[in-house]
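Written out below as structure tokens is the structure these notes cover.
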Amino acid sequence: MPSRREFVQQASTNFGALAMAVLLQNELEAAGGGAVKVLHHPPKAKRVVQLFMAGAASHIDLWDHKPLLEKLHGQQSDFGEPVETFQNGLGPWMKSPFRFSPYGESSKMLSEVVAPLGDCVDDIAFVHNMVGKTGVHSQATYLQATGFQRPGFPGMGSWVSYGLGAINENLPTFVVLPDHRGFASNGPKNWGAAFLPASAQGTTIFPQRANPIDDLTARADFISARGDREGLAMLNRMNDRYLQERPGDSRLEARIRSYELAAAMQLHAPEALDISGETAETMKMYGLDRMGATYPDKINPAEEAEYFGRKCLIARRLIERGVRFVQIWSGNDNGFPRRNWDSHEDIERDHGPLAHGMAVGTAALIKDLKRTGLLDDTIVLWTTEFGRMPSTQGQKGRDHNPYVFTNWMCGGGIRGGVTSGESDPWGYKPLDRAHTTQVYDIHATILHQLGIDHTQLTVRHDGVDRRLTDVHGHVLTDLI
């Protein structure tokens, strides 16, 4: 069986473009390697930037204004039904510690801590009736990231990478920018390829580190450019011999692709990550006008803006260079003091700085994409694993709320200035409990905008035709 490169060369020589595409898809599906590169209808979007708030960001303190909580603040909560909480969050009703104001022509009410996004609300579609399946961080994070609440399934970026392939062969198709303090729940399993080809997994980059991409470039003094080239040449000869002896084995093909990509990234990634050429105006917009400043140990807005803003700027530079899917994380796994969105103890203390930093970077990203025209075919998705309760935990915190929370999207053919679905007056459950939105619907909508029918992008694994949306999902047609 010819290698993928030999197959593509042969197909392009002997057949027309359409025949080549069909043959390439069949060959890749049979071999189980690479992307299938298939579109089911004309796409409205080419790229995705996913913003993931690890620890569960509170919808009712950021996007989903609840005047009733202001009226009932301090009164004993009464949900009118039995309520199961994760810990002990059934104290009195609690209004948001943050002031809400209307923004944009749509007069969307936003919290003061996300006020930088006020300029962008007319480009955003909010979904306030999201429901989850669990109040456990690890399982809920899996569900939002992979469509399943247990390990062993590919991340959304991996499905997109597998389905559409690379735009630029010199950079990864799927890049992950974790929180600088560490990984969120589940770590790299959130963006792993699982049973898809290994080349579809996310490539982690830490932009704030001196060495942003681990193991990309050898740093030993005895390594020379000539020795590096000769070593790669020998490795290629060994790989070719291995492939000839084991035709049809896609695992080495995926590994070869990874090495080829790494070699290309040695030349192209440093330029993509170098923000020194950005204008002072751009740097300020992304919250990067204080780089190198010394920050206190206490969580603070300026530090959060710098770290999240840098990732948003890097995301813009990556997608304009052809990266198809960028995932940005805010918050690491559980620890004290809180450096994530899991505000059991004090919403104002934790959400205030995190939300401000997120809003500064996100607003800059949306404006930058809009300025360059990239927002027309780039979807920006904001999500978290679940919401938080309208009643208090302790004096100032909120417990987990998987019963309703918020996602939002913009760009890539998504209608702006609209809201799909509402939560009830307390922000406890959807207003219409018979018609809710789940992560499958978000995933189905994003794939649809990318030109993919979510029911058709499948891979047979363990006797089941697996897909990102499992056996669920409806395209949110009122948002497109």
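Going through the structure tokens in order, the chains are called A, B, and so on, while each chain numbers its residues from 1 and the ligands are numbered from 1 in the order shown.
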
Members of stretch 26-74 of chain A assigned strand (DSSP E or B) by DSSP, as a PDB file with C-alpha atoms, in the first residue's frame:
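Contents of the output file result_9.pdb:
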ATOM      1  CA  ARG A  47     -11.849  28.112  12.238  1.00  0.00           C
ATOM      2  CA  VAL A  48     -12.865  27.953  15.898  1.00  0.00           C
ATOM      3  CA  VAL A  49     -11.527  29.605  19.042  1.00  0.00           C
ATOM      4  CA  GLN A  50     -12.923  27.958  22.167  1.00  0.00           C
ATOM      5  CA  LEU A  51     -12.648  29.780  25.496  1.00  0.00           C
ATOM      6  CA  PHE A  52     -13.055  27.355  28.412  1.00  0.00           C
ATOM      7  CA  MET A  53     -13.564  28.665  31.965  1.00  0.00           C
TER       8      MET A  53
END

Hey, could you make a per-residue contact list for stretch 150-181 of chain A against stretch 448-465 of chain A with 9 Å as the cut-off, showing the nearest pair of atoms and its distance in Å to one decimal, counting only C-alpha atoms, sorted by chain and number, as a tab-separated table?
residue	atom	partner	partner_atom	distance
A:Trp159	CA	A:Leu457	CA	8.3
A:Val160	CA	A:Leu450	CA	8.6
A:Gly163	CA	A:Leu457	CA	7.0
A:Leu164	CA	A:Leu450	CA	8.6

Write out as a tab-separated table a residue-level contact list of stretch 160-194 of chain A versus stretch 269-291 of chain A with cut-off 12 Å: for each qualifying residue the closest pair of atoms and the distance in Å to one decimal, counting only C-alpha atoms, rows sorted by chain and residue number upward.
residue	atom	partner	partner_atom	distance
A:Asn168	CA	A:Ala269	CA	11.7
A:Glu169	CA	A:Ala269	CA	11.7
A:Asn170	CA	A:Ala269	CA	8.2
A:Leu171	CA	A:Ala269	CA	6.9
A:Pro172	CA	A:Ala269	CA	9.3
A:Val175	CA	A:Ala269	CA	11.4
A:Leu177	CA	A:Leu273	CA	11.6

Print the selection's residues with N, CA and C atoms to a file, as a PDB file, in the first residue's frame.
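Contents of the output file out.pdb:
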ATOM      1  N   ASN A 168      -2.770  25.092   7.180  1.00  0.00           N
ATOM      2  CA  ASN A 168      -1.345  25.357   7.014  1.00  0.00           C
ATOM      3  C   ASN A 168      -0.577  24.153   7.528  1.00  0.00           C
ATOM      4  N   GLU A 169       0.157  23.476   6.640  1.00  0.00           N
ATOM      5  CA  GLU A 169       0.871  22.265   7.019  1.00  0.00           C
ATOM      6  C   GLU A 169       2.077  22.550   7.915  1.00  0.00           C
ATOM      7  N   ASN A 170       2.411  23.819   8.119  1.00  0.00           N
ATOM      8  CA  ASN A 170       3.582  24.168   8.923  1.00  0.00           C
ATOM      9  C   ASN A 170       3.254  24.422  10.385  1.00  0.00           C
ATOM     10  N   LEU A 171       1.970  24.399  10.734  1.00  0.00           N
ATOM     11  CA  LEU A 171       1.543  24.596  12.116  1.00  0.00           C
ATOM     12  C   LEU A 171       0.496  23.538  12.459  1.00  0.00           C
ATOM     13  N   PRO A 172       0.310  23.250  13.749  1.00  0.00           N
ATOM     14  CA  PRO A 172      -0.687  22.244  14.111  1.00  0.00           C
ATOM     15  C   PRO A 172      -2.090  22.680  13.693  1.00  0.00           C
ATOM     16  N   VAL A 175      -4.518  23.632  18.398  1.00  0.00           N
ATOM     17  CA  VAL A 175      -3.586  24.141  19.403  1.00  0.00           C
ATOM     18  C   VAL A 175      -4.338  24.421  20.693  1.00  0.00           C
ATOM     19  N   LEU A 177      -3.973  26.300  24.485  1.00  0.00           N
ATOM     20  CA  LEU A 177      -3.249  27.254  25.314  1.00  0.00           C
ATOM     21  C   LEU A 177      -3.783  27.123  26.742  1.00  0.00           C
TER      22      LEU A 177
END

Report summary line: From the list A:Pro178, A:Pro301, A:Gly352, A:Gly473, the nearest residue to A:Ser58 using only C-alpha atoms is A:Gly352

**Report entry** Spatial neighbours of stretch 224-239 of chain A, 12 Å, only C-alpha atoms, chain gap at least 2 places, as a VMD selection string
**Finding:** chain A and resid 3 217 to 222 241 to 247 249 251 to 257 259 to 260 262 to 263 266
